Amino acid sequence: MTATRPDDAADAAVHFDPLRPMLTRVAYRMLGSVADAEDVVQDAFIRWIGADRNAVREPAAFLRRTVTRLCLDQLKSARARRETYIGPWLPDPLVEQDADDDVTLPLMLALERLSPLERAAFLLHDVFGVGFDEVARTIERDPAATRQLAARARAHVRDARPRYKLEKERGLAIAHAFFEASRSGDMAALGAMLAADVGMWADGGGKRPAAAVPILGKAMVMKLHRSIAVLLRKYGSTLVSMGVINGLPGFVTREADGELQTTALQIEDDRITGIYVMRNPDKLRHVH
């Protein structure tokens, strides 16, 4: 194997580095893991160094294709790992991402129900605006089959896409009110914010205490928060920041064990319909 010369890497980086944020977004949307996305993008860079770059007319398309195919390979092992995951699985939290990005946390969870090819076709075409001919080349299917994959994916995730755009400031105001009520134990204020069919998902990954199954319905979510409020009054919880987490209003806190936690809120018609709590320390390293 021929060693990579420093000038090869420097030359490759000229075209690669400006595309790295886009490539990382593609990889993260495919995998739901910040660390895995960064590894895939770095692998793509190594391949880019060794490629005949003079023969590549469109570096962005070439590299997006490379990253997507690497992600498709990764998804096979990722799905196997998630079958043995302890408790609900949530994607790694991205704090203060682009507010215009409509790939919210509920949509990312809906993507988990798709096949890898459906996921790739939907993300590349519907989210990143890649033409079907290019998507077909990327996933190595003909354009007609690619359109069908995207259409099936679209039908499966339709309910997970927000019906109305929530203004960022309004969302953060509700998130702050939720934080105050849940930490102070003001159950009346908390109950007034919750929709009747609210659900709560907490990802501890077996590393920190978290509900082993989703908590569904207002009565059950209120019951859990009554218990949480008692613990918080005893041990405390400190607000680190308010912000947008995976496209949803939320906040970052430091809990009594010294670890960070993110809470993202799905809000419809000014009522909280989903509460997504990340407690797994492995998925919070990049938040630090």
# chains A, B, ... in the order shown; residues from 1 in each chain; ligands from 1

call {"tool": "residues_around", "arguments": {"residues": "segment 10-18 of chain A", "least_positions_apart": "5", "cutoff": "9 Å", "atoms": "only C-alpha atoms", "output": "mmCIF file with all heavy atoms, in the first residue's frame"}}
result
data_model
loop_
_atom_site.group_PDB
_atom_site.id
_atom_site.type_symbol
_atom_site.label_atom_id
_atom_site.label_comp_id
_atom_site.auth_asym_id
_atom_site.auth_seq_id
_atom_site.Cartn_x
_atom_site.Cartn_y
_atom_site.Cartn_z
ATOM 1 N N ARG A 5 1.104 10.982 0.874
ATOM 2 C CA ARG A 5 2.020 12.097 1.073
ATOM 3 C C ARG A 5 1.254 13.291 1.643
ATOM 4 O O ARG A 5 0.077 13.492 1.330
ATOM 5 C CB ARG A 5 2.665 12.496 -0.254
ATOM 6 C CG ARG A 5 3.487 11.388 -0.903
ATOM 7 C CD ARG A 5 4.334 11.955 -2.048
ATOM 8 N NE ARG A 5 3.528 12.707 -2.985
ATOM 9 C CZ ARG A 5 2.894 12.168 -4.026
ATOM 10 N NH1 ARG A 5 2.959 10.865 -4.234
ATOM 11 N NH2 ARG A 5 2.193 12.920 -4.868
ATOM 12 N N PHE A 45 -13.046 10.964 3.336
ATOM 13 C CA PHE A 45 -11.893 11.818 3.040
ATOM 14 C C PHE A 45 -10.679 10.982 2.650
ATOM 15 O O PHE A 45 -9.958 11.304 1.696
ATOM 16 C CB PHE A 45 -11.568 12.702 4.243
ATOM 17 C CG PHE A 45 -10.366 13.582 4.057
ATOM 18 C CD1 PHE A 45 -10.310 14.473 2.999
ATOM 19 C CD2 PHE A 45 -9.290 13.514 4.921
ATOM 20 C CE1 PHE A 45 -9.199 15.298 2.803
ATOM 21 C CE2 PHE A 45 -8.177 14.323 4.745
ATOM 22 C CZ PHE A 45 -8.132 15.216 3.682
ATOM 23 N N TRP A 48 -11.140 9.856 -0.723
ATOM 24 C CA TRP A 48 -10.988 10.994 -1.634
ATOM 25 C C TRP A 48 -9.509 11.264 -1.911
ATOM 26 O O TRP A 48 -9.116 11.586 -3.032
ATOM 27 C CB TRP A 48 -11.660 12.215 -1.020
ATOM 28 C CG TRP A 48 -11.554 13.504 -1.771
ATOM 29 C CD1 TRP A 48 -10.966 14.650 -1.337
ATOM 30 C CD2 TRP A 48 -12.058 13.811 -3.078
ATOM 31 N NE1 TRP A 48 -11.076 15.655 -2.268
ATOM 32 C CE2 TRP A 48 -11.751 15.156 -3.356
ATOM 33 C CE3 TRP A 48 -12.748 13.072 -4.031
ATOM 34 C CZ2 TRP A 48 -12.087 15.783 -4.546
ATOM 35 C CZ3 TRP A 48 -13.093 13.687 -5.222
ATOM 36 C CH2 TRP A 48 -12.771 15.020 -5.475
ATOM 37 N N ILE A 49 -8.678 11.105 -0.899
ATOM 38 C CA ILE A 49 -7.239 11.295 -1.080
ATOM 39 C C ILE A 49 -6.706 10.301 -2.119
ATOM 40 O O ILE A 49 -5.891 10.642 -2.978
ATOM 41 C CB ILE A 49 -6.485 11.101 0.262
ATOM 42 C CG1 ILE A 49 -6.837 12.231 1.242
ATOM 43 C CG2 ILE A 49 -4.966 11.070 0.028
ATOM 44 C CD1 ILE A 49 -6.266 12.033 2.630
ATOM 45 N N GLY A 50 -7.198 9.066 -2.046
ATOM 46 C CA GLY A 50 -6.698 8.033 -2.946
ATOM 47 C C GLY A 50 -7.374 7.991 -4.303
ATOM 48 O O GLY A 50 -6.986 7.202 -5.171
ATOM 49 N N ARG A 53 -8.738 12.369 -8.547
ATOM 50 C CA ARG A 53 -9.580 13.555 -8.377
ATOM 51 C C ARG A 53 -9.711 14.365 -9.666
ATOM 52 O O ARG A 53 -10.706 15.061 -9.862
ATOM 53 C CB ARG A 53 -9.029 14.423 -7.244
ATOM 54 C CG ARG A 53 -9.088 13.721 -5.888
ATOM 55 C CD ARG A 53 -8.732 14.658 -4.753
ATOM 56 N NE ARG A 53 -7.347 15.112 -4.827
ATOM 57 C CZ ARG A 53 -6.303 14.420 -4.399
ATOM 58 N NH1 ARG A 53 -6.486 13.210 -3.885
ATOM 59 N NH2 ARG A 53 -5.085 14.914 -4.467
ATOM 60 N N PRO A 59 -17.169 17.098 -7.466
ATOM 61 C CA PRO A 59 -16.742 16.548 -6.178
ATOM 62 C C PRO A 59 -17.888 16.381 -5.172
ATOM 63 O O PRO A 59 -17.937 15.382 -4.448
ATOM 64 C CB PRO A 59 -15.722 17.579 -5.679
ATOM 65 C CG PRO A 59 -15.178 18.185 -6.927
ATOM 66 C CD PRO A 59 -16.349 18.253 -7.869
ATOM 67 N N ALA A 60 -18.825 17.342 -5.137
ATOM 68 C CA ALA A 60 -19.922 17.253 -4.168
ATOM 69 C C ALA A 60 -20.758 15.999 -4.397
ATOM 70 O O ALA A 60 -21.093 15.274 -3.457
ATOM 71 C CB ALA A 60 -20.798 18.500 -4.250
ATOM 72 N N LEU A 63 -18.644 12.793 -3.535
ATOM 73 C CA LEU A 63 -18.450 12.584 -2.102
ATOM 74 C C LEU A 63 -19.760 12.262 -1.389
ATOM 75 O O LEU A 63 -19.787 11.452 -0.465
ATOM 76 C CB LEU A 63 -17.790 13.819 -1.492
ATOM 77 C CG LEU A 63 -16.331 14.003 -1.913
ATOM 78 C CD1 LEU A 63 -15.820 15.381 -1.534
ATOM 79 C CD2 LEU A 63 -15.458 12.914 -1.287
#

call {"tool": "select_by_dssp", "arguments": {"residues": "segment 18-212 of chain A", "states": "alpha helix (DSSP H)", "output": "number ranges by chain"}}
result
A: 20-31, 34-50, 59-83, 105-111, 116-122, 132-139, 143-157, 168-184, 187-193

call {"tool": "residues_around", "arguments": {"residues": "segment 265-274 of chain A", "least_positions_apart": "6", "cutoff": "9 Å", "atoms": "only C-alpha atoms", "output": "PyMOL selection string"}}
result
chain A and resi 104-106+162-164+166+170-171+174-175+192-201+245+248-250

call {"tool": "write_last_selection", "arguments": {"atoms": "N, CA, C and O atoms", "output": "CSV table (one decimal), in the first residue's frame"}}
result
chain,number,residue,atom,x,y,z
A,104,THR,N,-36.8,17.0,12.1
A,104,THR,CA,-37.0,17.1,13.5
A,104,THR,C,-36.8,15.7,14.1
A,104,THR,O,-36.7,14.7,13.4
A,105,LEU,N,-36.7,15.6,15.4
A,105,LEU,CA,-36.5,14.3,16.1
A,105,LEU,C,-37.6,13.3,15.8
A,105,LEU,O,-37.2,12.2,15.5
A,106,PRO,N,-38.8,13.7,15.8
A,106,PRO,CA,-39.9,12.7,15.5
A,106,PRO,C,-39.7,12.1,14.1
A,106,PRO,O,-39.9,11.0,13.8
A,162,PRO,N,-44.0,18.0,10.8
A,162,PRO,CA,-44.8,19.0,11.4
A,162,PRO,C,-45.8,19.6,10.5
A,162,PRO,O,-45.5,20.0,9.3
A,163,ARG,N,-47.1,19.8,10.9
A,163,ARG,CA,-48.2,20.3,10.1
A,163,ARG,C,-48.0,21.9,10.0
A,163,ARG,O,-48.3,22.4,9.0
A,164,TYR,N,-47.6,22.5,11.1
A,164,TYR,CA,-47.4,23.9,11.1
A,164,TYR,C,-46.1,24.3,11.7
A,164,TYR,O,-45.6,23.6,12.6
A,166,LEU,N,-43.6,26.0,14.0
A,166,LEU,CA,-43.7,26.7,15.3
A,166,LEU,C,-42.6,27.7,15.3
A,166,LEU,O,-41.4,27.4,15.0
A,170,ARG,N,-41.5,31.2,20.4
A,170,ARG,CA,-42.7,30.7,21.1
A,170,ARG,C,-42.3,29.3,21.6
A,170,ARG,O,-42.7,29.0,22.7
A,171,GLY,N,-41.7,28.5,20.8
A,171,GLY,CA,-41.3,27.2,21.3
A,171,GLY,C,-40.4,27.2,22.5
A,171,GLY,O,-40.5,26.4,23.4
A,174,ILE,N,-42.3,28.1,25.7
A,174,ILE,CA,-43.0,26.9,26.2
A,174,ILE,C,-42.0,26.0,26.9
A,174,ILE,O,-42.3,25.4,28.0
A,175,ALA,N,-40.8,25.8,26.2
A,175,ALA,CA,-39.8,24.9,26.8
A,175,ALA,C,-39.3,25.4,28.2
A,175,ALA,O,-39.1,24.6,29.1
A,192,ALA,N,-51.3,21.8,32.4
A,192,ALA,CA,-51.9,22.7,31.4
A,192,ALA,C,-51.1,22.8,30.1
A,192,ALA,O,-51.7,23.2,29.1
A,193,MET,N,-49.8,22.4,30.1
A,193,MET,CA,-49.0,22.4,28.9
A,193,MET,C,-49.1,21.1,28.1
A,193,MET,O,-48.7,21.1,27.0
A,194,LEU,N,-49.6,20.0,28.7
A,194,LEU,CA,-49.5,18.7,28.1
A,194,LEU,C,-50.7,18.4,27.3
A,194,LEU,O,-51.9,18.6,27.7
A,195,ALA,N,-50.6,17.8,26.1
A,195,ALA,CA,-51.7,17.3,25.3
A,195,ALA,C,-52.2,16.0,26.0
A,195,ALA,O,-51.4,15.3,26.7
A,196,ALA,N,-53.4,15.6,25.7
A,196,ALA,CA,-54.0,14.4,26.3
A,196,ALA,C,-53.2,13.2,25.8
A,196,ALA,O,-53.1,12.2,26.6
A,197,ASP,N,-52.7,13.2,24.6
A,197,ASP,CA,-52.0,12.0,24.1
A,197,ASP,C,-50.5,12.1,24.1
A,197,ASP,O,-49.7,11.5,23.4
A,198,VAL,N,-50.0,13.0,25.0
A,198,VAL,CA,-48.5,13.2,25.1
A,198,VAL,C,-47.8,11.9,25.4
A,198,VAL,O,-48.3,11.0,26.1
A,199,GLY,N,-46.6,11.8,24.9
A,199,GLY,CA,-45.7,10.6,25.1
A,199,GLY,C,-44.4,11.1,25.6
A,199,GLY,O,-43.9,12.2,25.2
A,200,MET,N,-43.7,10.3,26.3
A,200,MET,CA,-42.3,10.6,26.8
A,200,MET,C,-41.4,9.4,26.6
A,200,MET,O,-41.7,8.3,26.9
A,201,TRP,N,-40.2,9.7,26.0
A,201,TRP,CA,-39.2,8.7,25.7
A,201,TRP,C,-37.9,9.2,26.3
A,201,TRP,O,-37.5,10.3,26.1
A,245,ILE,N,-33.0,21.6,19.8
A,245,ILE,CA,-32.4,20.3,19.9
A,245,ILE,C,-33.1,19.4,18.8
A,245,ILE,O,-34.3,19.1,18.9
A,248,LEU,N,-36.3,20.8,17.6
A,248,LEU,CA,-37.3,21.0,18.6
A,248,LEU,C,-36.8,21.9,19.7
A,248,LEU,O,-35.7,21.9,20.0
A,249,PRO,N,-37.7,22.7,20.2
A,249,PRO,CA,-37.3,23.6,21.4
A,249,PRO,C,-37.0,22.7,22.6
A,249,PRO,O,-37.7,21.6,22.8
A,250,GLY,N,-36.0,23.1,23.3
A,250,GLY,CA,-35.7,22.2,24.5
A,250,GLY,C,-34.6,22.9,25.3
A,250,GLY,O,-34.4,24.1,25.2

call {"tool": "closest_residue", "arguments": {"among": "A:Leu172, A:Val56, A:Ala212, A:Cys71", "to": "Pro116 of chain A", "atoms": "only C-alpha atoms"}}
result
A:Cys71

call {"tool": "closest_residue", "arguments": {"among": "A:Ala9, A:Leu109, A:Ile275, A:Val213", "to": "Phe178 of chain A", "atoms": "only C-alpha atoms"}}
result
A:Ile275

call {"tool": "residues_around", "arguments": {"residues": "segment 155-160 of chain A", "least_positions_apart": "5", "cutoff": "10 Å", "atoms": "only C-alpha atoms", "output": "ChimeraX atom specification"}}
result
/A:103-114,118,122,150

call {"tool": "residues_around", "arguments": {"residues": "Val135 of chain A", "least_positions_apart": "4", "cutoff": "8 Å", "atoms": "only C-alpha atoms", "output": "PDB file with N, CA, C and O atoms, in the first residue's frame"}}
result
ATOM      1  N   ALA A 121     -33.102   7.269  -0.184  1.00  0.00           N
ATOM      2  CA  ALA A 121     -33.837   7.927  -1.269  1.00  0.00           C
ATOM      3  C   ALA A 121     -34.604   9.134  -0.753  1.00  0.00           C
ATOM      4  O   ALA A 121     -34.599  10.208  -1.369  1.00  0.00           O
ATOM      5  N   LEU A 124     -31.973  12.017   0.522  1.00  0.00           N
ATOM      6  CA  LEU A 124     -31.254  12.675  -0.554  1.00  0.00           C
ATOM      7  C   LEU A 124     -32.181  13.527  -1.408  1.00  0.00           C
ATOM      8  O   LEU A 124     -31.845  14.665  -1.752  1.00  0.00           O
ATOM      9  N   HIS A 125     -33.367  13.001  -1.735  1.00  0.00           N
ATOM     10  CA  HIS A 125     -34.260  13.750  -2.622  1.00  0.00           C
ATOM     11  C   HIS A 125     -35.090  14.786  -1.873  1.00  0.00           C
ATOM     12  O   HIS A 125     -35.087  15.964  -2.206  1.00  0.00           O
ATOM     13  N   VAL A 130     -31.537  16.390  -3.943  1.00  0.00           N
ATOM     14  CA  VAL A 130     -30.773  15.729  -4.998  1.00  0.00           C
ATOM     15  C   VAL A 130     -31.744  15.146  -6.024  1.00  0.00           C
ATOM     16  O   VAL A 130     -32.755  14.537  -5.663  1.00  0.00           O
ATOM     17  N   GLY A 131     -31.457  15.316  -7.304  1.00  0.00           N
ATOM     18  CA  GLY A 131     -32.321  14.794  -8.352  1.00  0.00           C
ATOM     19  C   GLY A 131     -32.373  13.270  -8.339  1.00  0.00           C
ATOM     20  O   GLY A 131     -31.424  12.602  -7.926  1.00  0.00           O
ATOM     21  N   ILE A 139     -27.583   4.986  -4.950  1.00  0.00           N
ATOM     22  CA  ILE A 139     -28.033   3.754  -4.295  1.00  0.00           C
ATOM     23  C   ILE A 139     -28.036   2.564  -5.246  1.00  0.00           C
ATOM     24  O   ILE A 139     -28.462   1.466  -4.871  1.00  0.00           O
ATOM     25  N   PRO A 143     -33.908   4.774 -11.890  1.00  0.00           N
ATOM     26  CA  PRO A 143     -34.683   5.937 -11.421  1.00  0.00           C
ATOM     27  C   PRO A 143     -36.128   5.599 -11.043  1.00  0.00           C
ATOM     28  O   PRO A 143     -36.649   6.157 -10.068  1.00  0.00           O
ATOM     29  N   THR A 146     -36.151   4.047  -7.700  1.00  0.00           N
ATOM     30  CA  THR A 146     -35.761   5.056  -6.716  1.00  0.00           C
ATOM     31  C   THR A 146     -36.945   5.954  -6.362  1.00  0.00           C
ATOM     32  O   THR A 146     -37.157   6.290  -5.188  1.00  0.00           O
TER      33      THR A 146
END

call {"tool": "closest_residue", "arguments": {"among": "A:Phe179, A:Phe128, A:Tyr235, A:Tyr85", "to": "Ala27 of chain A", "atoms": "only C-alpha atoms"}}
result
A:Phe128

call {"tool": "closest_residue", "arguments": {"among": "A:Ala256, A:Met30, A:Met187, A:Met242", "to": "Asp73 of chain A", "atoms": "only C-alpha atoms"}}
result
A:Met30

call {"tool": "atom_distance", "arguments": {"atom1": "atom CA of Gly217 of chain A", "atom2": "atom CA of Arg183 of chain A"}}
result
20.1 Å

call {"tool": "residues_around", "arguments": {"residues": "Ala44 of chain A", "least_positions_apart": "3", "cutoff": "9 Å", "atoms": "only C-alpha atoms", "output": "CSV table (one decimal) with C-alpha atoms, in the first residue's frame"}}
result
chain,number,residue,atom,x,y,z
A,39,ASP,CA,-16.1,8.4,11.2
A,40,VAL,CA,-17.9,7.9,7.9
A,41,VAL,CA,-17.0,11.4,6.7
A,47,ARG,CA,-11.0,7.5,0.0
A,48,TRP,CA,-11.0,11.0,-1.6
A,49,ILE,CA,-7.2,11.3,-1.1
A,63,LEU,CA,-18.5,12.6,-2.1
A,66,THR,CA,-19.4,7.9,-1.2
A,67,VAL,CA,-20.8,8.9,2.2
A,70,LEU,CA,-20.7,4.0,3.5
